Structures are given as structure tokens and as C-alpha cells.
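Asker: This is work17.cif (mmCIF, N, CA and C atoms and all ligand atoms).
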```cif
data_data
loop_
_atom_site.label_atom_id
_atom_site.label_comp_id
_atom_site.auth_asym_id
_atom_site.auth_seq_id
_atom_site.Cartn_x
_atom_site.Cartn_y
_atom_site.Cartn_z
N MET D 324 0.84 -1.18 0.00
CA MET D 324 0.00 0.00 0.00
C MET D 324 0.89 1.25 0.00
N LYS D 325 0.79 2.04 -1.06
CA LYS D 325 1.58 3.28 -1.14
C LYS D 325 0.90 4.35 -0.28
N ASN D 326 1.62 5.38 -0.02
CA ASN D 326 1.02 6.43 0.80
C ASN D 326 1.45 7.78 0.28
N ASN D 327 0.67 8.79 0.63
CA ASN D 327 1.01 10.14 0.19
C ASN D 327 1.44 10.99 1.38
N TYR D 328 2.05 10.34 2.34
CA TYR D 328 2.55 11.06 3.51
C TYR D 328 4.01 11.41 3.30
N ASN D 329 4.39 12.60 3.75
CA ASN D 329 5.79 12.99 3.77
C ASN D 329 6.38 12.46 5.09
N LEU D 330 7.30 11.52 4.99
CA LEU D 330 7.79 10.87 6.21
C LEU D 330 8.59 11.81 7.10
N GLN D 331 9.18 12.86 6.50
CA GLN D 331 9.96 13.77 7.33
C GLN D 331 9.14 14.90 7.92
N ASN D 332 7.92 14.98 7.45
CA ASN D 332 7.01 15.98 8.00
C ASN D 332 5.64 15.32 8.04
N PHE D 333 5.56 14.36 8.90
CA PHE D 333 4.44 13.43 8.90
C PHE D 333 3.21 14.03 9.56
N ASP D 334 2.09 13.94 8.85
CA ASP D 334 0.86 14.53 9.36
C ASP D 334 0.16 13.56 10.32
N LEU D 335 0.59 13.60 11.57
CA LEU D 335 0.03 12.70 12.58
C LEU D 335 -1.46 12.94 12.80
N TYR D 336 -1.85 14.21 12.71
CA TYR D 336 -3.27 14.53 12.95
C TYR D 336 -4.17 13.83 11.94
N ARG D 337 -3.79 13.92 10.66
CA ARG D 337 -4.59 13.28 9.61
C ARG D 337 -4.52 11.76 9.77
N PHE D 338 -3.34 11.26 10.07
CA PHE D 338 -3.14 9.82 10.20
C PHE D 338 -4.03 9.25 11.30
N ILE D 339 -4.09 9.96 12.42
CA ILE D 339 -4.90 9.50 13.55
C ILE D 339 -6.39 9.64 13.22
N ALA D 340 -6.75 10.81 12.65
CA ALA D 340 -8.17 11.07 12.37
C ALA D 340 -8.73 10.03 11.40
N LYS D 341 -7.93 9.65 10.43
CA LYS D 341 -8.41 8.69 9.43
C LYS D 341 -8.09 7.25 9.80
N LYS D 342 -7.43 7.07 10.94
CA LYS D 342 -6.99 5.73 11.36
C LYS D 342 -6.37 4.97 10.19
N GLU D 343 -5.40 5.60 9.58
CA GLU D 343 -4.79 5.03 8.40
C GLU D 343 -3.78 3.95 8.75
N LYS D 344 -3.40 3.25 7.72
CA LYS D 344 -2.38 2.22 7.87
C LYS D 344 -1.48 2.32 6.65
N ILE D 345 -0.19 2.31 6.90
CA ILE D 345 0.76 2.36 5.79
C ILE D 345 1.63 1.12 5.86
N CYS D 346 1.81 0.50 4.73
CA CYS D 346 2.70 -0.65 4.64
C CYS D 346 3.57 -0.36 3.43
N ASP D 347 4.85 -0.10 3.64
CA ASP D 347 5.67 0.39 2.54
C ASP D 347 7.13 0.06 2.80
N LYS D 348 7.98 0.52 1.90
CA LYS D 348 9.41 0.36 2.11
C LYS D 348 10.12 1.67 1.87
N ILE D 349 11.32 1.78 2.44
CA ILE D 349 12.12 3.00 2.31
C ILE D 349 13.53 2.56 1.89
N PRO D 350 14.09 3.18 0.86
CA PRO D 350 15.48 2.82 0.51
C PRO D 350 16.40 3.14 1.69
N VAL D 351 17.31 2.23 2.00
CA VAL D 351 18.14 2.41 3.19
C VAL D 351 19.06 3.63 3.06
N PHE D 352 19.44 3.99 1.82
CA PHE D 352 20.34 5.13 1.69
C PHE D 352 19.72 6.44 2.15
N LYS D 353 18.39 6.45 2.34
CA LYS D 353 17.73 7.67 2.84
C LYS D 353 18.03 7.93 4.32
N PHE D 354 18.54 6.92 5.00
CA PHE D 354 18.87 7.08 6.42
C PHE D 354 20.37 7.38 6.52
N ASN D 355 20.70 8.62 6.84
CA ASN D 355 22.11 9.00 6.89
C ASN D 355 22.92 8.19 7.88
N ARG D 356 22.32 7.96 9.05
CA ARG D 356 23.10 7.37 10.13
C ARG D 356 23.26 5.86 10.04
N ILE D 357 22.44 5.21 9.23
CA ILE D 357 22.62 3.75 9.12
C ILE D 357 23.02 3.32 7.71
N SER D 358 23.31 4.30 6.84
CA SER D 358 23.62 3.91 5.46
C SER D 358 24.93 3.13 5.37
N ASP D 359 25.80 3.26 6.39
CA ASP D 359 27.04 2.47 6.41
C ASP D 359 26.76 0.97 6.57
N PHE D 360 25.59 0.66 7.04
CA PHE D 360 25.28 -0.74 7.36
C PHE D 360 24.52 -1.44 6.24
N LYS D 361 24.38 -0.74 5.11
CA LYS D 361 23.62 -1.38 4.03
C LYS D 361 24.53 -2.28 3.19
N PHE D 362 23.93 -3.21 2.49
CA PHE D 362 24.67 -4.10 1.59
C PHE D 362 24.85 -3.42 0.24
N SER D 363 23.80 -2.79 -0.24
CA SER D 363 23.89 -2.09 -1.52
C SER D 363 22.86 -0.97 -1.53
N ASP D 364 22.93 -0.15 -2.57
CA ASP D 364 21.99 0.96 -2.69
C ASP D 364 20.57 0.51 -2.98
N ASN D 365 20.42 -0.76 -3.29
CA ASN D 365 19.07 -1.27 -3.55
C ASN D 365 18.37 -1.76 -2.29
N ASP D 366 19.07 -1.74 -1.18
CA ASP D 366 18.47 -2.22 0.07
C ASP D 366 17.28 -1.37 0.48
N SER D 367 16.31 -2.05 1.06
CA SER D 367 15.14 -1.33 1.57
C SER D 367 14.81 -1.75 2.98
N LEU D 368 14.21 -0.82 3.66
CA LEU D 368 13.65 -1.13 4.96
C LEU D 368 12.14 -1.29 4.75
N PHE D 369 11.57 -2.31 5.35
CA PHE D 369 10.14 -2.53 5.25
C PHE D 369 9.49 -2.14 6.57
N TYR D 370 8.39 -1.45 6.46
CA TYR D 370 7.75 -1.02 7.70
C TYR D 370 6.25 -0.98 7.51
N ASP D 371 5.55 -1.05 8.61
CA ASP D 371 4.14 -0.67 8.57
C ASP D 371 3.77 0.08 9.83
N VAL D 372 2.92 1.05 9.65
CA VAL D 372 2.47 1.88 10.76
C VAL D 372 0.95 1.92 10.74
N SER D 373 0.39 1.96 11.93
CA SER D 373 -1.07 2.06 12.03
C SER D 373 -1.41 2.71 13.36
N VAL D 374 -2.67 3.07 13.46
CA VAL D 374 -3.17 3.67 14.70
C VAL D 374 -4.20 2.74 15.29
N SER D 375 -4.16 2.56 16.58
CA SER D 375 -5.22 1.79 17.22
C SER D 375 -5.74 2.58 18.41
N GLU D 376 -6.92 2.20 18.86
CA GLU D 376 -7.53 2.94 19.95
C GLU D 376 -8.00 1.97 21.02
N ASP D 377 -7.75 2.35 22.24
CA ASP D 377 -8.21 1.53 23.34
C ASP D 377 -8.72 2.45 24.45
N LEU D 378 -9.98 2.39 24.73
CA LEU D 378 -10.61 3.22 25.77
C LEU D 378 -10.29 4.70 25.60
N GLY D 379 -10.38 5.17 24.37
CA GLY D 379 -10.17 6.60 24.12
C GLY D 379 -8.72 7.01 24.01
N GLN D 380 -7.82 6.07 24.24
CA GLN D 380 -6.40 6.38 24.12
C GLN D 380 -5.89 5.84 22.78
N TYR D 381 -5.13 6.67 22.07
CA TYR D 381 -4.62 6.26 20.77
C TYR D 381 -3.19 5.75 20.86
N PHE D 382 -2.92 4.77 20.04
CA PHE D 382 -1.58 4.18 19.99
C PHE D 382 -1.07 4.15 18.56
N PHE D 383 0.23 4.32 18.44
CA PHE D 383 0.92 4.30 17.16
C PHE D 383 1.69 2.98 17.12
N ASN D 384 1.36 2.16 16.14
CA ASN D 384 2.02 0.86 16.03
C ASN D 384 3.03 0.88 14.90
N LEU D 385 4.23 0.48 15.20
CA LEU D 385 5.29 0.53 14.20
C LEU D 385 6.03 -0.81 14.13
N ASN D 386 6.04 -1.39 12.95
CA ASN D 386 6.81 -2.61 12.70
C ASN D 386 7.90 -2.30 11.70
N ILE D 387 9.10 -2.76 12.00
CA ILE D 387 10.25 -2.50 11.13
C ILE D 387 10.92 -3.83 10.81
N ASN D 388 11.36 -3.96 9.57
CA ASN D 388 12.10 -5.14 9.16
C ASN D 388 13.21 -4.70 8.21
N ILE D 389 14.45 -4.96 8.60
CA ILE D 389 15.58 -4.51 7.78
C ILE D 389 16.76 -5.46 7.95
N ASP D 390 17.46 -5.70 6.84
CA ASP D 390 18.70 -6.49 6.90
C ASP D 390 19.88 -5.53 6.90
N LEU D 391 20.77 -5.71 7.85
CA LEU D 391 21.91 -4.81 7.97
C LEU D 391 23.22 -5.57 7.92
N ARG D 392 24.24 -4.87 7.48
CA ARG D 392 25.59 -5.45 7.41
C ARG D 392 26.39 -4.85 8.56
N LEU D 393 26.66 -5.64 9.57
CA LEU D 393 27.42 -5.15 10.71
C LEU D 393 28.81 -5.78 10.68
N LEU D 394 29.65 -5.31 11.57
CA LEU D 394 31.01 -5.84 11.65
C LEU D 394 31.09 -6.78 12.85
N CYS D 395 31.54 -8.00 12.59
CA CYS D 395 31.67 -8.97 13.68
C CYS D 395 32.78 -8.51 14.61
N CYS D 396 32.51 -8.48 15.89
CA CYS D 396 33.51 -7.96 16.83
C CYS D 396 34.62 -8.96 17.11
N ARG D 397 34.47 -10.22 16.63
CA ARG D 397 35.54 -11.20 16.84
C ARG D 397 36.50 -11.24 15.66
N CYS D 398 35.94 -11.33 14.42
CA CYS D 398 36.82 -11.51 13.26
C CYS D 398 36.85 -10.27 12.36
N LEU D 399 36.06 -9.27 12.68
CA LEU D 399 36.00 -8.02 11.91
C LEU D 399 35.54 -8.21 10.46
N GLU D 400 34.89 -9.32 10.19
CA GLU D 400 34.27 -9.52 8.88
C GLU D 400 32.80 -9.11 8.98
N ASP D 401 32.18 -8.98 7.79
CA ASP D 401 30.76 -8.63 7.78
C ASP D 401 29.90 -9.72 8.40
N VAL D 402 28.91 -9.29 9.09
CA VAL D 402 27.94 -10.24 9.62
C VAL D 402 26.55 -9.67 9.32
N GLU D 403 25.70 -10.52 8.77
CA GLU D 403 24.36 -10.06 8.42
C GLU D 403 23.46 -10.10 9.64
N PHE D 404 22.74 -9.03 9.81
CA PHE D 404 21.87 -8.93 10.98
C PHE D 404 20.47 -8.52 10.51
N THR D 405 19.51 -9.35 10.83
CA THR D 405 18.13 -9.00 10.48
C THR D 405 17.46 -8.39 11.69
N LEU D 406 17.04 -7.16 11.54
CA LEU D 406 16.40 -6.47 12.65
C LEU D 406 14.90 -6.41 12.40
N LYS D 407 14.17 -6.95 13.34
CA LYS D 407 12.71 -6.92 13.25
C LYS D 407 12.19 -6.39 14.56
N THR D 408 11.45 -5.32 14.50
CA THR D 408 10.89 -4.80 15.74
C THR D 408 9.39 -4.58 15.55
N SER D 409 8.72 -4.62 16.65
CA SER D 409 7.29 -4.40 16.66
C SER D 409 6.98 -3.65 17.95
N ASN D 410 6.68 -2.38 17.81
CA ASN D 410 6.48 -1.56 19.00
C ASN D 410 5.19 -0.77 18.94
N GLN D 411 4.71 -0.47 20.13
CA GLN D 411 3.50 0.33 20.24
C GLN D 411 3.79 1.52 21.14
N TYR D 412 3.39 2.70 20.68
CA TYR D 412 3.65 3.94 21.42
C TYR D 412 2.35 4.64 21.71
N GLU D 413 2.25 5.12 22.92
CA GLU D 413 1.07 5.89 23.28
C GLU D 413 1.18 7.26 22.62
N LEU D 414 0.08 7.73 22.01
CA LEU D 414 0.08 9.05 21.40
C LEU D 414 -0.42 10.06 22.42
N VAL D 415 0.39 11.05 22.71
CA VAL D 415 0.00 12.04 23.72
C VAL D 415 0.05 13.43 23.12
N GLN D 416 -0.80 14.30 23.64
CA GLN D 416 -0.79 15.70 23.19
C GLN D 416 0.52 16.35 23.64
N ALA D 417 1.09 17.13 22.75
CA ALA D 417 2.33 17.82 23.10
C ALA D 417 2.06 18.89 24.15
N ILE D 418 2.92 18.95 25.14
CA ILE D 418 2.80 19.99 26.16
C ILE D 418 3.81 21.06 25.79
N GLY D 419 3.33 22.22 25.41
CA GLY D 419 4.24 23.28 25.00
C GLY D 419 4.73 23.01 23.58
N LYS D 420 5.68 23.80 23.17
CA LYS D 420 6.16 23.72 21.80
C LYS D 420 7.30 22.71 21.70
N SER D 421 7.19 21.84 20.74
CA SER D 421 8.20 20.82 20.57
C SER D 421 8.92 21.04 19.25
N GLU D 422 10.23 21.00 19.28
CA GLU D 422 11.00 21.21 18.06
C GLU D 422 11.06 19.92 17.24
N LYS D 423 11.15 18.83 17.93
CA LYS D 423 11.42 17.56 17.29
C LYS D 423 10.75 16.52 18.17
N HIS D 424 10.59 15.32 17.64
CA HIS D 424 9.98 14.31 18.48
C HIS D 424 10.89 14.02 19.68
N VAL D 425 10.28 13.64 20.76
CA VAL D 425 11.03 13.29 21.96
C VAL D 425 11.25 11.79 21.92
N ILE D 426 12.49 11.38 22.07
CA ILE D 426 12.75 9.95 22.07
C ILE D 426 12.34 9.37 23.41
N ASP D 427 11.33 8.57 23.33
CA ASP D 427 10.77 7.99 24.53
C ASP D 427 10.34 6.59 24.16
N ASP D 428 10.59 5.64 25.03
CA ASP D 428 10.29 4.25 24.70
C ASP D 428 8.82 4.01 24.45
N ILE D 429 7.97 4.77 25.07
CA ILE D 429 6.57 4.40 25.04
C ILE D 429 5.63 5.48 24.53
N LYS D 430 6.14 6.67 24.30
CA LYS D 430 5.23 7.75 23.93
C LYS D 430 5.68 8.52 22.70
N ILE D 431 4.71 9.02 21.95
CA ILE D 431 4.99 9.94 20.86
C ILE D 431 4.12 11.16 21.09
N GLU D 432 4.74 12.32 21.09
CA GLU D 432 3.96 13.55 21.21
C GLU D 432 3.36 13.89 19.85
N ILE D 433 2.09 14.27 19.87
CA ILE D 433 1.43 14.63 18.63
C ILE D 433 1.81 16.07 18.29
N ILE D 434 2.65 16.20 17.29
CA ILE D 434 3.11 17.52 16.87
C ILE D 434 2.89 17.66 15.37
N ASP D 435 2.99 18.90 14.90
CA ASP D 435 2.75 19.18 13.48
C ASP D 435 3.78 18.55 12.56
N ASN D 436 5.03 18.64 13.00
CA ASN D 436 6.11 18.25 12.09
C ASN D 436 6.83 17.01 12.58
N PHE D 437 6.09 15.96 12.80
CA PHE D 437 6.68 14.71 13.27
C PHE D 437 7.58 14.13 12.18
N ASP D 438 8.81 13.82 12.56
CA ASP D 438 9.76 13.27 11.59
C ASP D 438 9.79 11.75 11.74
N LEU D 439 8.92 11.09 11.00
CA LEU D 439 8.83 9.64 11.12
C LEU D 439 10.09 8.95 10.61
N LEU D 440 10.73 9.56 9.62
CA LEU D 440 11.96 8.98 9.07
C LEU D 440 13.05 8.90 10.15
N SER D 441 13.30 9.99 10.87
CA SER D 441 14.33 9.90 11.91
C SER D 441 13.85 9.10 13.11
N PHE D 442 12.56 9.08 13.33
CA PHE D 442 12.05 8.24 14.42
C PHE D 442 12.38 6.77 14.14
N ILE D 443 12.12 6.34 12.91
CA ILE D 443 12.42 4.96 12.53
C ILE D 443 13.92 4.69 12.65
N GLU D 444 14.71 5.67 12.21
CA GLU D 444 16.16 5.51 12.29
C GLU D 444 16.63 5.41 13.75
N ASP D 445 16.07 6.24 14.61
CA ASP D 445 16.39 6.18 16.04
C ASP D 445 16.08 4.79 16.60
N GLU D 446 14.92 4.27 16.22
CA GLU D 446 14.51 2.96 16.73
C GLU D 446 15.49 1.88 16.29
N ILE D 447 15.96 1.98 15.05
CA ILE D 447 16.93 1.00 14.55
C ILE D 447 18.23 1.10 15.34
N LEU D 448 18.72 2.32 15.53
CA LEU D 448 19.98 2.52 16.25
C LEU D 448 19.89 2.00 17.68
N LEU D 449 18.72 2.17 18.29
CA LEU D 449 18.54 1.68 19.66
C LEU D 449 18.57 0.15 19.72
N GLU D 450 18.16 -0.48 18.62
CA GLU D 450 18.05 -1.94 18.62
C GLU D 450 19.32 -2.64 18.13
N LEU D 451 20.28 -1.87 17.64
CA LEU D 451 21.50 -2.51 17.13
C LEU D 451 22.27 -3.18 18.25
N PRO D 452 22.77 -4.38 18.00
CA PRO D 452 23.56 -5.05 19.04
C PRO D 452 24.87 -4.30 19.26
N THR D 453 25.33 -4.22 20.51
CA THR D 453 26.56 -3.49 20.77
C THR D 453 27.79 -4.30 20.34
N SER D 454 27.70 -5.63 20.42
CA SER D 454 28.82 -6.47 19.98
C SER D 454 28.32 -7.54 19.04
N PRO D 455 28.11 -7.20 17.77
CA PRO D 455 27.61 -8.21 16.84
C PRO D 455 28.66 -9.31 16.61
N LYS D 456 28.20 -10.53 16.49
CA LYS D 456 29.10 -11.67 16.30
C LYS D 456 28.49 -12.64 15.33
N HIS D 457 29.37 -13.38 14.62
CA HIS D 457 28.87 -14.48 13.80
C HIS D 457 28.28 -15.55 14.72
N ALA D 458 27.30 -16.28 14.19
CA ALA D 458 26.70 -17.34 14.99
C ALA D 458 27.65 -18.52 15.13
N PHE D 459 28.56 -18.64 14.14
CA PHE D 459 29.53 -19.75 14.20
C PHE D 459 30.84 -19.28 14.84
N LYS D 460 31.73 -20.22 15.11
CA LYS D 460 33.04 -19.88 15.68
C LYS D 460 33.89 -19.27 14.58
N CYS D 461 34.15 -18.00 14.64
CA CYS D 461 34.80 -17.36 13.49
C CYS D 461 36.24 -16.94 13.79
N ASN D 462 36.70 -17.09 15.01
CA ASN D 462 38.09 -16.67 15.26
C ASN D 462 38.97 -17.90 15.36
ZN ZN D 501 33.07 -13.23 13.04
#
```
Can you dump the structure from the file as C-alpha cells?

Answerer:
Amino acid sequence: MKNNYNLQNFDLYRFIAKKEKICDKIPVFKFNRISDFKFSDNDSLFYDVSVSEDLGQYFFNLNINIDLRLLCCRCLEDVEFTLKTSNQYELVQAIGKSEKHVIDDIKIEIIDNFDLLSFIEDEILLELPTSPKHAFKCN
């Protein structure tokens, strides 16, 4: 399902009001901070986002699936890492003026200029293993 949302200036208000769902992919080279971990320029990140409601409270559901090329900390060769996350964030009204989304494990402030692209990138960086290793004995 394609979408007409600008991921760097994501219209959360419309997304919530219409209870939309997006299932799409993003070329990995669009993420500055993780582009070193791609295999090629054709790599894509797959994601889906949706809104759900429970007792008047709205939640933002985000699933990410991406293959990354990390460096094995034992042999310093490439090691393929598949990152799959599935998270739910409570949507809360912004208190005061917010410049950028607040990185919070469980909440997203509803602001005009939500940067979903960097939010996804932040989530990936948080999930990266600190010492990636081959599954086999590589040293
Ligand atoms: Zn290794």
C-alpha cells in the first residue's frame, strides 16, 4: 500500500483522524546514520504503521524489518543482521512547543512536524547489538 505522507514531515493529525495504515518500504540510503550498514543501494527497509484505539487512548504501532551489514567484533568480517521490531507507542498531546519528536520508549507527542523517518532511524539505532558476532566460531 503506497502512501502520500511525507515521512519527514508526517501529518500525525490526519493519520490519527483517518486511522490510516501504511505498509511500505524506504530505501536504506535515505537514512544517513545507518547507510554504512547497508549491503547495496538497492536495500530497503520494510515497515508498517497504524493507529489503534483503546478506551479513548490512541496508539501508534510501528513494525520494522531490515537487513543490515554489521562488523563482527571477533573476526572483523561482515555479519548479516536482520532487525525486526514491533512496538506500540502511546500518542500524547504535546505539552508546549516541541522542536522535534522526543525519544521515549513508550510515547509519541502529537506535533505538526513529526519526523517519522528519523524516528524509525532512532529505533533501529537503539536496537542494534553493541557487539555483533557471527553465529559460528569465526576466530
Ligand atoms: Zn566473526

Asker: Counting only N, CA and C atoms and all ligand atoms, what are the residues, protein, DNA or RNA alike, that approach ligand ZN 501 (chain D) to within 8 Å? I want them as a list in words.

Answerer: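 Residues lying within 8 Å of ligand ZN 501 (chain D): Leu394, Cys395, Cys396, Arg397, Cys398, Leu399, Glu400, Asp401, Val402, Pro455, Lys456, His457, Ala458, Phe459, Lys460, Cys461 and Asn462 of chain D.
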
Asker: Choose the residue, out of D:Glu450, D:Asp445, D:Asp359, D:Asp334, that has the smallest atom-to-atom separation from Leu406 (chain D); count only N, CA and C atoms.

Answerer: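 Of all the options, D:Glu450 lies closest to Leu406 (chain D).
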
Asker: If you run DSSP over the backbone, which residues in chain D end up strand (DSSP E)? Put them as a ChimeraX atom specification.

Answerer: /D:344-350,367-377,380-394,401-416,430-433

Asker: From the options D:Leu451, D:Val415, D:Asn327, D:Asn332, which residue's atoms come nearest to Asp438 (chain D), counting all atoms listed in the file?

Answerer: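 Closest to Asp438 (chain D), using all atoms listed in the file: D:Asn332.
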
Asker: Go through D:Lys348, D:Lys430, D:Lys407, D:Lys341 one by one, measure the shortest atom-to-atom distance of each to Phe369 (chain D) using only C-alpha atoms, and give the residue with the smallest value.

Answerer: D:Lys348

Asker: Between D:Asp364, D:Ser358, D:Ile418, D:Leu440, which has the minimum distance to Leu330 (chain D) (counting only C-alpha atoms)?

Answerer: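 The shortest atom-to-atom distance to Leu330 (chain D) comes from D:Leu440.
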
Asker: Using all atoms listed in the file, which residues sit within 8 Å of region 381-391 of chain D once same-chain residues fewer than 4 positions away are excluded, as a ChimeraX atom specification?

Answerer: /D:339,359-362,366-377,401-415,431,443
